[in-house]
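K.L.:
Okay, handing you the structure first.
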Amino acid sequence: MAGEENLTTLLSTMEPFLDPQTYVFITTTQPLASLPLSTLNPQLIAQEAEGTTIVTTEDLAIFHGFKAMVFPCRKISLTIHSSLEAVGLIAAITDRLKDHKISTNVVSGFFHDHIYVPAGRAEDAMRVLGELAEDAKGR
């Protein structure tokens with residue numbers, strides 16, 4: 001299961017999906033093993049020297065008592081199975097979104113790439129990604 005590597009194919013068939021949830025980034029210095037991960041339902045966990053970053057829904061962060069939430073965002077998942085060794089996909093997407101002043105936080109999973117964009121710009125991001133896919137189809 002290597003995934004697609006051809007940039008034109010990736011861009012023209014990425015079919016972005018907009019998750020309806022609003023996500024937030026939180027951080028904690030608690031040991032990972034002590035966190036209620038089964039109910040916090042993290043979409044992303046990144047362990048850093050300063051603490052552990054967790055992306056979860058805004059509702060779950062509030063429920064678990066996290067007060068320092070940043071970057072209310074929506075998750076856009078690219079439905080194509082992209083290779084972890086594909087070159088240029090993320091650069092093309094973030095470059096196009098940058099041109100529209102849409103900030104991004106991107107993570108690559110085993111099967112798909114996920115783009116976190118500001119909640120208020122999610123529909124704009126979907127439009128831009130749709131245009132990018134159409135442009136790639138014309139190549």
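Just remember, in the structure tokens the first chain shown is A, the second B, etc., residues are 1-based per chain, and ligands are 1-based in the order shown.
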How close does stretch 12-91 of chain A get to stretch 122-128 of chain A? List, as CSV, each residue of stretch 12-91 of chain A within 10 Å, its nearest atom pair and the distance in Å to one decimal, counting only C-alpha atoms.
P.N.:
```
residue,atom,partner,partner_atom,distance
A:Glu15,CA,A:Met126,CA,9.7
A:Pro16,CA,A:Met126,CA,7.1
A:Phe17,CA,A:Met126,CA,8.2
A:Leu18,CA,A:Met126,CA,7.5
A:Asp19,CA,A:Ala122,CA,9.6
A:Pro20,CA,A:Ala122,CA,9.9
A:Cys73,CA,A:Ala122,CA,7.8
A:Arg74,CA,A:Ala122,CA,6.2
A:Lys75,CA,A:Ala122,CA,8.2
A:Ile76,CA,A:Met126,CA,7.9
```
K.L.:
Keeping only N, CA, C and O atoms, take the residues you just selected and write them out as a PDB file, in the first residue's frame.
P.N.:
```pdb
ATOM      1  N   GLU A  15      -9.868  15.349  -3.940  1.00  0.00           N
ATOM      2  CA  GLU A  15     -11.215  15.368  -3.359  1.00  0.00           C
ATOM      3  C   GLU A  15     -11.213  15.721  -1.873  1.00  0.00           C
ATOM      4  O   GLU A  15     -11.425  14.872  -1.008  1.00  0.00           O
ATOM      5  N   PRO A  16     -11.009  16.997  -1.555  1.00  0.00           N
ATOM      6  CA  PRO A  16     -10.976  17.409  -0.150  1.00  0.00           C
ATOM      7  C   PRO A  16     -12.332  17.214   0.535  1.00  0.00           C
ATOM      8  O   PRO A  16     -13.378  17.436  -0.071  1.00  0.00           O
ATOM      9  N   PHE A  17     -12.272  16.774   1.789  1.00  0.00           N
ATOM     10  CA  PHE A  17     -13.474  16.574   2.610  1.00  0.00           C
ATOM     11  C   PHE A  17     -13.360  17.480   3.834  1.00  0.00           C
ATOM     12  O   PHE A  17     -12.368  17.414   4.567  1.00  0.00           O
ATOM     13  N   LEU A  18     -14.366  18.306   4.072  1.00  0.00           N
ATOM     14  CA  LEU A  18     -14.372  19.231   5.201  1.00  0.00           C
ATOM     15  C   LEU A  18     -15.113  18.613   6.378  1.00  0.00           C
ATOM     16  O   LEU A  18     -16.312  18.358   6.315  1.00  0.00           O
ATOM     17  N   ASP A  19     -14.386  18.362   7.450  1.00  0.00           N
ATOM     18  CA  ASP A  19     -14.965  17.825   8.675  1.00  0.00           C
ATOM     19  C   ASP A  19     -15.852  18.900   9.305  1.00  0.00           C
ATOM     20  O   ASP A  19     -15.451  20.061   9.385  1.00  0.00           O
ATOM     21  N   PRO A  20     -17.043  18.557   9.769  1.00  0.00           N
ATOM     22  CA  PRO A  20     -17.942  19.567  10.337  1.00  0.00           C
ATOM     23  C   PRO A  20     -17.524  20.077  11.720  1.00  0.00           C
ATOM     24  O   PRO A  20     -18.010  21.124  12.164  1.00  0.00           O
ATOM     25  N   CYS A  73     -10.183  25.723  14.419  1.00  0.00           N
ATOM     26  CA  CYS A  73      -9.960  25.378  13.023  1.00  0.00           C
ATOM     27  C   CYS A  73     -10.887  24.254  12.570  1.00  0.00           C
ATOM     28  O   CYS A  73     -11.547  23.605  13.371  1.00  0.00           O
ATOM     29  N   ARG A  74     -10.876  24.044  11.267  1.00  0.00           N
ATOM     30  CA  ARG A  74     -11.588  22.927  10.675  1.00  0.00           C
ATOM     31  C   ARG A  74     -10.555  22.059   9.963  1.00  0.00           C
ATOM     32  O   ARG A  74      -9.536  22.544   9.478  1.00  0.00           O
ATOM     33  N   LYS A  75     -10.850  20.775   9.916  1.00  0.00           N
ATOM     34  CA  LYS A  75      -9.934  19.822   9.287  1.00  0.00           C
ATOM     35  C   LYS A  75     -10.440  19.473   7.893  1.00  0.00           C
ATOM     36  O   LYS A  75     -11.582  19.057   7.719  1.00  0.00           O
ATOM     37  N   ILE A  76      -9.556  19.640   6.918  1.00  0.00           N
ATOM     38  CA  ILE A  76      -9.831  19.224   5.546  1.00  0.00           C
ATOM     39  C   ILE A  76      -8.956  18.005   5.277  1.00  0.00           C
ATOM     40  O   ILE A  76      -7.731  18.071   5.415  1.00  0.00           O
TER      41      ILE A  76
END
```
K.L.:
A:Ala61: which residues within 10 Å, counting only C-alpha atoms, same-chain residues fewer than 2 positions away excluded, as a PyMOL selection string?
P.N.:
chain A and resi 23-26+40-42+54-59+63-69
K.L.:
Could you turn the residues from that selection into a file that holds C-alpha atoms, as a compact mmCIF listing (two decimals), in the first residue's frame?
P.N.:
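For reference, again33.txt as written:
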```txt
# COMPACT_ATOMS: atom_id res chain seq x y z
CA TYR A 23 -10.92 21.66 16.41
CA VAL A 24 -8.47 23.43 18.71
CA PHE A 25 -4.83 23.03 19.64
CA ILE A 26 -4.08 22.53 23.33
CA LEU A 40 -10.26 13.35 24.68
CA ASN A 41 -10.27 11.64 21.27
CA PRO A 42 -7.17 13.41 19.89
CA ILE A 54 -3.04 17.79 21.22
CA VAL A 55 -5.60 18.58 18.55
CA THR A 56 -9.13 17.71 19.62
CA THR A 57 -12.61 19.14 19.19
CA GLU A 58 -13.36 22.39 20.93
CA ASP A 59 -16.21 20.73 22.85
CA PHE A 63 -15.29 19.23 28.69
CA HIS A 64 -11.83 18.17 29.90
CA GLY A 65 -11.14 21.57 31.43
CA PHE A 66 -8.53 22.88 29.01
CA LYS A 67 -8.69 26.65 29.09
CA ALA A 68 -5.75 27.63 26.90
CA MET A 69 -7.13 26.61 23.51
```
K.L.:
List as a tab-separated table every residue of stretch 20-93 of chain A that is in contact with stretch 98-110 of chain A, defined as an atom at most 10 Å from one of its atoms (using only C-alpha atoms), together with the nearest atom pair and the distance in Å rounded to one decimal, sorted by chain and then rising number.
P.N.:
```
residue	atom	partner	partner_atom	distance
A:Leu44	CA	A:Val107	CA	8.4
A:Phe71	CA	A:Asn105	CA	9.7
A:Cys73	CA	A:Thr104	CA	9.4
A:Lys75	CA	A:Val106	CA	9.3
A:Ile76	CA	A:Val106	CA	9.4
A:Ser77	CA	A:Ser108	CA	9.6
A:Leu78	CA	A:Ser108	CA	9.9
A:His81	CA	A:Phe110	CA	8.3
A:Ser82	CA	A:Phe110	CA	8.2
A:Ser83	CA	A:Phe110	CA	7.9
A:Leu84	CA	A:Phe110	CA	7.0
A:Ile90	CA	A:Val106	CA	7.8
A:Ala92	CA	A:Lys98	CA	9.8
A:Ile93	CA	A:Lys98	CA	8.5
```
K.L.:
Those residues you just picked out, can you put them in a file as an mmCIF file, in the first residue's frame with all heavy atoms?
P.N.:
```
data_model
loop_
_atom_site.group_PDB
_atom_site.id
_atom_site.type_symbol
_atom_site.label_atom_id
_atom_site.label_comp_id
_atom_site.auth_asym_id
_atom_site.auth_seq_id
_atom_site.Cartn_x
_atom_site.Cartn_y
_atom_site.Cartn_z
ATOM 1 N N LEU A 44 -4.603 14.476 16.765
ATOM 2 C CA LEU A 44 -3.166 14.593 16.588
ATOM 3 C C LEU A 44 -2.519 14.736 17.955
ATOM 4 O O LEU A 44 -3.051 15.437 18.819
ATOM 5 C CB LEU A 44 -2.855 15.832 15.739
ATOM 6 C CG LEU A 44 -1.402 16.265 15.607
ATOM 7 C CD1 LEU A 44 -0.613 15.249 14.799
ATOM 8 C CD2 LEU A 44 -1.314 17.632 14.967
ATOM 9 N N PHE A 71 -6.166 28.474 18.030
ATOM 10 C CA PHE A 71 -6.404 28.148 16.627
ATOM 11 C C PHE A 71 -7.681 27.326 16.402
ATOM 12 O O PHE A 71 -7.624 26.178 15.942
ATOM 13 C CB PHE A 71 -5.188 27.419 16.038
ATOM 14 C CG PHE A 71 -5.195 27.351 14.525
ATOM 15 C CD1 PHE A 71 -5.147 28.495 13.758
ATOM 16 C CD2 PHE A 71 -5.233 26.128 13.882
ATOM 17 C CE1 PHE A 71 -5.147 28.430 12.371
ATOM 18 C CE2 PHE A 71 -5.239 26.041 12.487
ATOM 19 C CZ PHE A 71 -5.190 27.205 11.739
ATOM 20 N N CYS A 73 -10.183 25.723 14.419
ATOM 21 C CA CYS A 73 -9.960 25.378 13.023
ATOM 22 C C CYS A 73 -10.887 24.254 12.570
ATOM 23 O O CYS A 73 -11.547 23.605 13.371
ATOM 24 C CB CYS A 73 -8.504 24.979 12.810
ATOM 25 S SG CYS A 73 -7.943 23.633 13.884
ATOM 26 N N LYS A 75 -10.850 20.775 9.916
ATOM 27 C CA LYS A 75 -9.934 19.822 9.287
ATOM 28 C C LYS A 75 -10.440 19.473 7.893
ATOM 29 O O LYS A 75 -11.582 19.057 7.719
ATOM 30 C CB LYS A 75 -9.818 18.555 10.136
ATOM 31 C CG LYS A 75 -8.901 17.504 9.528
ATOM 32 C CD LYS A 75 -8.710 16.310 10.438
ATOM 33 C CE LYS A 75 -9.934 15.439 10.462
ATOM 34 N NZ LYS A 75 -9.721 14.168 11.158
ATOM 35 N N ILE A 76 -9.556 19.640 6.918
ATOM 36 C CA ILE A 76 -9.831 19.224 5.546
ATOM 37 C C ILE A 76 -8.956 18.005 5.277
ATOM 38 O O ILE A 76 -7.731 18.071 5.415
ATOM 39 C CB ILE A 76 -9.508 20.339 4.535
ATOM 40 C CG1 ILE A 76 -10.380 21.572 4.817
ATOM 41 C CG2 ILE A 76 -9.716 19.825 3.106
ATOM 42 C CD1 ILE A 76 -9.992 22.787 3.998
ATOM 43 N N SER A 77 -9.579 16.895 4.929
ATOM 44 C CA SER A 77 -8.841 15.671 4.619
ATOM 45 C C SER A 77 -8.857 15.449 3.115
ATOM 46 O O SER A 77 -9.903 15.593 2.472
ATOM 47 C CB SER A 77 -9.469 14.468 5.324
ATOM 48 O OG SER A 77 -9.393 14.631 6.714
ATOM 49 N N LEU A 78 -7.705 15.122 2.574
ATOM 50 C CA LEU A 78 -7.620 14.791 1.152
ATOM 51 C C LEU A 78 -7.872 13.299 1.026
ATOM 52 O O LEU A 78 -7.158 12.502 1.626
ATOM 53 C CB LEU A 78 -6.245 15.171 0.600
ATOM 54 C CG LEU A 78 -5.841 16.622 0.849
ATOM 55 C CD1 LEU A 78 -4.477 16.897 0.231
ATOM 56 C CD2 LEU A 78 -6.881 17.592 0.335
ATOM 57 N N HIS A 81 -5.254 8.438 -1.410
ATOM 58 C CA HIS A 81 -4.198 7.783 -0.623
ATOM 59 C C HIS A 81 -2.855 8.235 -1.178
ATOM 60 O O HIS A 81 -2.377 7.724 -2.185
ATOM 61 C CB HIS A 81 -4.348 6.265 -0.713
ATOM 62 C CG HIS A 81 -3.283 5.514 0.037
ATOM 63 N ND1 HIS A 81 -3.171 4.153 -0.026
ATOM 64 C CD2 HIS A 81 -2.283 5.914 0.853
ATOM 65 C CE1 HIS A 81 -2.152 3.751 0.716
ATOM 66 N NE2 HIS A 81 -1.593 4.801 1.251
ATOM 67 N N SER A 82 -2.262 9.212 -0.508
ATOM 68 C CA SER A 82 -0.988 9.754 -0.963
ATOM 69 C C SER A 82 0.172 9.014 -0.306
ATOM 70 O O SER A 82 0.082 8.601 0.846
ATOM 71 C CB SER A 82 -0.908 11.247 -0.621
ATOM 72 O OG SER A 82 -1.108 11.452 0.759
ATOM 73 N N SER A 83 1.227 8.878 -1.060
ATOM 74 C CA SER A 83 2.434 8.252 -0.535
ATOM 75 C C SER A 83 3.102 9.205 0.446
ATOM 76 O O SER A 83 3.119 10.422 0.239
ATOM 77 C CB SER A 83 3.403 7.947 -1.676
ATOM 78 O OG SER A 83 4.674 7.591 -1.160
ATOM 79 N N LEU A 84 3.671 8.654 1.498
ATOM 80 C CA LEU A 84 4.440 9.481 2.427
ATOM 81 C C LEU A 84 5.713 10.011 1.764
ATOM 82 O O LEU A 84 6.352 10.917 2.285
ATOM 83 C CB LEU A 84 4.780 8.680 3.687
ATOM 84 C CG LEU A 84 3.575 8.414 4.585
ATOM 85 C CD1 LEU A 84 3.910 7.354 5.630
ATOM 86 C CD2 LEU A 84 3.097 9.686 5.252
ATOM 87 N N ILE A 90 2.011 18.905 -0.576
ATOM 88 C CA ILE A 90 1.778 19.856 0.513
ATOM 89 C C ILE A 90 2.253 21.246 0.106
ATOM 90 O O ILE A 90 1.592 22.252 0.391
ATOM 91 C CB ILE A 90 2.449 19.378 1.816
ATOM 92 C CG1 ILE A 90 1.873 18.022 2.248
ATOM 93 C CG2 ILE A 90 2.290 20.412 2.925
ATOM 94 C CD1 ILE A 90 0.371 17.970 2.385
ATOM 95 N N ALA A 92 2.342 22.549 -2.912
ATOM 96 C CA ALA A 92 1.385 23.129 -3.860
ATOM 97 C C ALA A 92 0.137 23.628 -3.142
ATOM 98 O O ALA A 92 -0.379 24.707 -3.437
ATOM 99 C CB ALA A 92 1.023 22.096 -4.930
ATOM 100 N N ILE A 93 -0.348 22.841 -2.190
ATOM 101 C CA ILE A 93 -1.566 23.213 -1.459
ATOM 102 C C ILE A 93 -1.320 24.429 -0.578
ATOM 103 O O ILE A 93 -2.086 25.397 -0.611
ATOM 104 C CB ILE A 93 -2.056 22.013 -0.628
ATOM 105 C CG1 ILE A 93 -2.636 20.956 -1.561
ATOM 106 C CG2 ILE A 93 -3.084 22.442 0.415
ATOM 107 C CD1 ILE A 93 -2.908 19.630 -0.899
#
```
K.L.:
With only C-alpha atoms as the atoms that count, which of A:Thr94, A:Tyr116, A:Gln47, A:Val87 lies nearest to A:Thr9?
P.N.:
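Closest candidate: A:Val87.
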K.L.:
Just the strand (DSSP E) stuff from stretch 14-124 of chain A, please, per backbone DSSP, written as JSON, numbers by chain.
P.N.:
{"A": [16, 17, 18, 23, 24, 25, 26, 27, 28, 44, 45, 46, 47, 48, 51, 52, 53, 54, 55, 56, 57, 70, 71, 72, 73, 74, 75, 76, 77, 78, 105, 106, 107, 108, 113, 114, 115, 116, 117, 118]}
K.L.:
Write out as number ranges by chain which residues come within 12 Å of A:Glu48 when counting only C-alpha atoms, dropping same-chain ones fewer than 2 positions away.
P.N.:
A: 27-29, 31-32, 45-46, 50-54
K.L.:
Limited to C-alpha atoms, could you put the picked residues into a file as a PDB file, in the first residue's frame?
P.N.:
```pdb
ATOM      1  CA  THR A  27      -0.900  21.767  25.217  1.00  0.00           C
ATOM      2  CA  THR A  28      -0.084  20.047  28.468  1.00  0.00           C
ATOM      3  CA  THR A  29       2.979  19.045  30.431  1.00  0.00           C
ATOM      4  CA  PRO A  31       2.686  12.688  31.100  1.00  0.00           C
ATOM      5  CA  LEU A  32       0.969  11.219  28.051  1.00  0.00           C
ATOM      6  CA  ILE A  45      -0.582  14.230  19.347  1.00  0.00           C
ATOM      7  CA  ALA A  46       2.851  15.828  19.022  1.00  0.00           C
ATOM      8  CA  GLU A  50       7.938  22.172  26.063  1.00  0.00           C
ATOM      9  CA  GLY A  51       4.931  19.864  26.367  1.00  0.00           C
ATOM     10  CA  THR A  52       2.514  17.691  24.449  1.00  0.00           C
ATOM     11  CA  THR A  53       0.395  19.317  21.744  1.00  0.00           C
ATOM     12  CA  ILE A  54      -3.038  17.791  21.217  1.00  0.00           C
TER      13      ILE A  54
END
```
K.L.:
Among stretch 32-139 of chain A, which ones does DSSP assign to alpha helix (DSSP H) (computed from the backbone)? Answer as a PDB file with N, CA and C atoms, in the first residue's frame.
P.N.:
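states_28.pdb written:
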```
ATOM      1  N   LEU A  37      -6.977   9.942  27.047  1.00  0.00           N
ATOM      2  CA  LEU A  37      -6.980   9.922  25.587  1.00  0.00           C
ATOM      3  C   LEU A  37      -8.224   9.273  24.994  1.00  0.00           C
ATOM      4  N   SER A  38      -8.793   8.290  25.679  1.00  0.00           N
ATOM      5  CA  SER A  38      -9.960   7.610  25.117  1.00  0.00           C
ATOM      6  C   SER A  38     -11.172   8.541  25.049  1.00  0.00           C
ATOM      7  N   THR A  39     -11.266   9.506  25.940  1.00  0.00           N
ATOM      8  CA  THR A  39     -12.398  10.439  25.889  1.00  0.00           C
ATOM      9  C   THR A  39     -12.005  11.793  25.311  1.00  0.00           C
ATOM     10  N   LEU A  40     -10.727  12.110  25.299  1.00  0.00           N
ATOM     11  CA  LEU A  40     -10.260  13.349  24.681  1.00  0.00           C
ATOM     12  C   LEU A  40     -10.265  13.214  23.158  1.00  0.00           C
ATOM     13  N   GLU A  58     -13.199  21.318  19.956  1.00  0.00           N
ATOM     14  CA  GLU A  58     -13.359  22.393  20.933  1.00  0.00           C
ATOM     15  C   GLU A  58     -14.228  21.931  22.100  1.00  0.00           C
ATOM     16  N   ASP A  59     -15.304  21.220  21.800  1.00  0.00           N
ATOM     17  CA  ASP A  59     -16.213  20.732  22.849  1.00  0.00           C
ATOM     18  C   ASP A  59     -15.500  19.792  23.818  1.00  0.00           C
ATOM     19  N   LEU A  60     -14.685  18.877  23.305  1.00  0.00           N
ATOM     20  CA  LEU A  60     -13.975  17.942  24.182  1.00  0.00           C
ATOM     21  C   LEU A  60     -12.901  18.647  25.005  1.00  0.00           C
ATOM     22  N   ALA A  61     -12.238  19.635  24.424  1.00  0.00           N
ATOM     23  CA  ALA A  61     -11.236  20.392  25.185  1.00  0.00           C
ATOM     24  C   ALA A  61     -11.899  21.111  26.354  1.00  0.00           C
ATOM     25  N   ILE A  62     -13.048  21.710  26.106  1.00  0.00           N
ATOM     26  CA  ILE A  62     -13.792  22.391  27.177  1.00  0.00           C
ATOM     27  C   ILE A  62     -14.244  21.382  28.219  1.00  0.00           C
ATOM     28  N   PHE A  63     -14.809  20.269  27.776  1.00  0.00           N
ATOM     29  CA  PHE A  63     -15.293  19.230  28.688  1.00  0.00           C
ATOM     30  C   PHE A  63     -14.182  18.753  29.625  1.00  0.00           C
ATOM     31  N   LEU A  89       3.085  17.831  -3.032  1.00  0.00           N
ATOM     32  CA  LEU A  89       1.647  17.983  -2.770  1.00  0.00           C
ATOM     33  C   LEU A  89       1.388  19.052  -1.712  1.00  0.00           C
ATOM     34  N   ILE A  90       2.011  18.905  -0.576  1.00  0.00           N
ATOM     35  CA  ILE A  90       1.778  19.856   0.513  1.00  0.00           C
ATOM     36  C   ILE A  90       2.253  21.246   0.106  1.00  0.00           C
ATOM     37  N   ALA A  91       3.375  21.320  -0.573  1.00  0.00           N
ATOM     38  CA  ALA A  91       3.896  22.618  -1.023  1.00  0.00           C
ATOM     39  C   ALA A  91       2.901  23.300  -1.965  1.00  0.00           C
ATOM     40  N   ALA A  92       2.342  22.549  -2.912  1.00  0.00           N
ATOM     41  CA  ALA A  92       1.385  23.129  -3.860  1.00  0.00           C
ATOM     42  C   ALA A  92       0.137  23.628  -3.142  1.00  0.00           C
ATOM     43  N   ILE A  93      -0.348  22.841  -2.190  1.00  0.00           N
ATOM     44  CA  ILE A  93      -1.566  23.213  -1.459  1.00  0.00           C
ATOM     45  C   ILE A  93      -1.320  24.429  -0.578  1.00  0.00           C
ATOM     46  N   THR A  94      -0.264  24.383   0.222  1.00  0.00           N
ATOM     47  CA  THR A  94      -0.026  25.500   1.135  1.00  0.00           C
ATOM     48  C   THR A  94       0.334  26.771   0.372  1.00  0.00           C
ATOM     49  N   ASP A  95       1.017  26.633  -0.764  1.00  0.00           N
ATOM     50  CA  ASP A  95       1.354  27.801  -1.574  1.00  0.00           C
ATOM     51  C   ASP A  95       0.081  28.459  -2.111  1.00  0.00           C
ATOM     52  N   ARG A  96      -0.842  27.645  -2.597  1.00  0.00           N
ATOM     53  CA  ARG A  96      -2.096  28.203  -3.136  1.00  0.00           C
ATOM     54  C   ARG A  96      -2.927  28.838  -2.020  1.00  0.00           C
ATOM     55  N   LEU A  97      -3.004  28.174  -0.873  1.00  0.00           N
ATOM     56  CA  LEU A  97      -3.761  28.743   0.252  1.00  0.00           C
ATOM     57  C   LEU A  97      -3.086  30.019   0.769  1.00  0.00           C
ATOM     58  N   LYS A  98      -1.758  30.060   0.743  1.00  0.00           N
ATOM     59  CA  LYS A  98      -1.024  31.264   1.133  1.00  0.00           C
ATOM     60  C   LYS A  98      -1.402  32.441   0.252  1.00  0.00           C
ATOM     61  N   ASP A  99      -1.561  32.190  -1.043  1.00  0.00           N
ATOM     62  CA  ASP A  99      -1.946  33.250  -1.979  1.00  0.00           C
ATOM     63  C   ASP A  99      -3.294  33.871  -1.605  1.00  0.00           C
ATOM     64  N   ALA A 122     -12.681  28.108   6.365  1.00  0.00           N
ATOM     65  CA  ALA A 122     -12.767  26.725   5.861  1.00  0.00           C
ATOM     66  C   ALA A 122     -13.442  26.642   4.496  1.00  0.00           C
ATOM     67  N   GLU A 123     -14.540  27.344   4.321  1.00  0.00           N
ATOM     68  CA  GLU A 123     -15.232  27.301   3.022  1.00  0.00           C
ATOM     69  C   GLU A 123     -14.374  27.923   1.928  1.00  0.00           C
ATOM     70  N   ASP A 124     -13.661  29.007   2.261  1.00  0.00           N
ATOM     71  CA  ASP A 124     -12.735  29.614   1.293  1.00  0.00           C
ATOM     72  C   ASP A 124     -11.648  28.612   0.912  1.00  0.00           C
ATOM     73  N   ALA A 125     -11.112  27.910   1.899  1.00  0.00           N
ATOM     74  CA  ALA A 125     -10.064  26.919   1.630  1.00  0.00           C
ATOM     75  C   ALA A 125     -10.584  25.808   0.729  1.00  0.00           C
ATOM     76  N   MET A 126     -11.808  25.364   0.974  1.00  0.00           N
ATOM     77  CA  MET A 126     -12.383  24.315   0.122  1.00  0.00           C
ATOM     78  C   MET A 126     -12.526  24.803  -1.317  1.00  0.00           C
ATOM     79  N   ARG A 127     -12.933  26.047  -1.489  1.00  0.00           N
ATOM     80  CA  ARG A 127     -13.064  26.610  -2.837  1.00  0.00           C
ATOM     81  C   ARG A 127     -11.701  26.655  -3.521  1.00  0.00           C
ATOM     82  N   VAL A 128     -10.686  27.135  -2.797  1.00  0.00           N
ATOM     83  CA  VAL A 128      -9.333  27.233  -3.357  1.00  0.00           C
ATOM     84  C   VAL A 128      -8.798  25.851  -3.733  1.00  0.00           C
ATOM     85  N   LEU A 129      -9.018  24.865  -2.867  1.00  0.00           N
ATOM     86  CA  LEU A 129      -8.553  23.502  -3.181  1.00  0.00           C
ATOM     87  C   LEU A 129      -9.296  22.929  -4.390  1.00  0.00           C
ATOM     88  N   GLY A 130     -10.580  23.232  -4.507  1.00  0.00           N
ATOM     89  CA  GLY A 130     -11.332  22.805  -5.683  1.00  0.00           C
ATOM     90  C   GLY A 130     -10.767  23.414  -6.956  1.00  0.00           C
ATOM     91  N   GLU A 131     -10.409  24.699  -6.899  1.00  0.00           N
ATOM     92  CA  GLU A 131      -9.802  25.361  -8.051  1.00  0.00           C
ATOM     93  C   GLU A 131      -8.449  24.750  -8.378  1.00  0.00           C
ATOM     94  N   LEU A 132      -7.675  24.433  -7.358  1.00  0.00           N
ATOM     95  CA  LEU A 132      -6.369  23.810  -7.570  1.00  0.00           C
ATOM     96  C   LEU A 132      -6.532  22.446  -8.249  1.00  0.00           C
ATOM     97  N   ALA A 133      -7.509  21.669  -7.821  1.00  0.00           N
ATOM     98  CA  ALA A 133      -7.763  20.366  -8.446  1.00  0.00           C
ATOM     99  C   ALA A 133      -8.176  20.541  -9.908  1.00  0.00           C
ATOM    100  N   GLU A 134      -9.032  21.518 -10.175  1.00  0.00           N
ATOM    101  CA  GLU A 134      -9.469  21.771 -11.564  1.00  0.00           C
ATOM    102  C   GLU A 134      -8.289  22.197 -12.422  1.00  0.00           C
ATOM    103  N   ASP A 135      -7.426  23.050 -11.883  1.00  0.00           N
ATOM    104  CA  ASP A 135      -6.230  23.469 -12.625  1.00  0.00           C
ATOM    105  C   ASP A 135      -5.359  22.259 -12.967  1.00  0.00           C
ATOM    106  N   ALA A 136      -5.206  21.343 -12.019  1.00  0.00           N
ATOM    107  CA  ALA A 136      -4.379  20.155 -12.258  1.00  0.00           C
ATOM    108  C   ALA A 136      -4.995  19.235 -13.310  1.00  0.00           C
ATOM    109  N   LYS A 137      -6.314  19.189 -13.368  1.00  0.00           N
ATOM    110  CA  LYS A 137      -6.986  18.356 -14.372  1.00  0.00           C
ATOM    111  C   LYS A 137      -6.734  18.891 -15.776  1.00  0.00           C
TER     112      LYS A 137
END
```
K.L.:
Which residue out of A:Thr79, A:Ser34, A:Thr22, A:Gln43 has the minimum interatomic distance to A:Val117 when only C-alpha atoms are used?
P.N.:
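Ranking A:Thr79, A:Ser34, A:Thr22, A:Gln43 by distance to A:Val117, first place goes to A:Thr22.
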K.L.:
Return the single residue from A:Arg139, A:Val70, A:His112, A:Gly120 that is closest to A:Ala86, with distances computed using only C-alpha atoms.
P.N.:
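The answer is A:His112, which sits nearest to A:Ala86.
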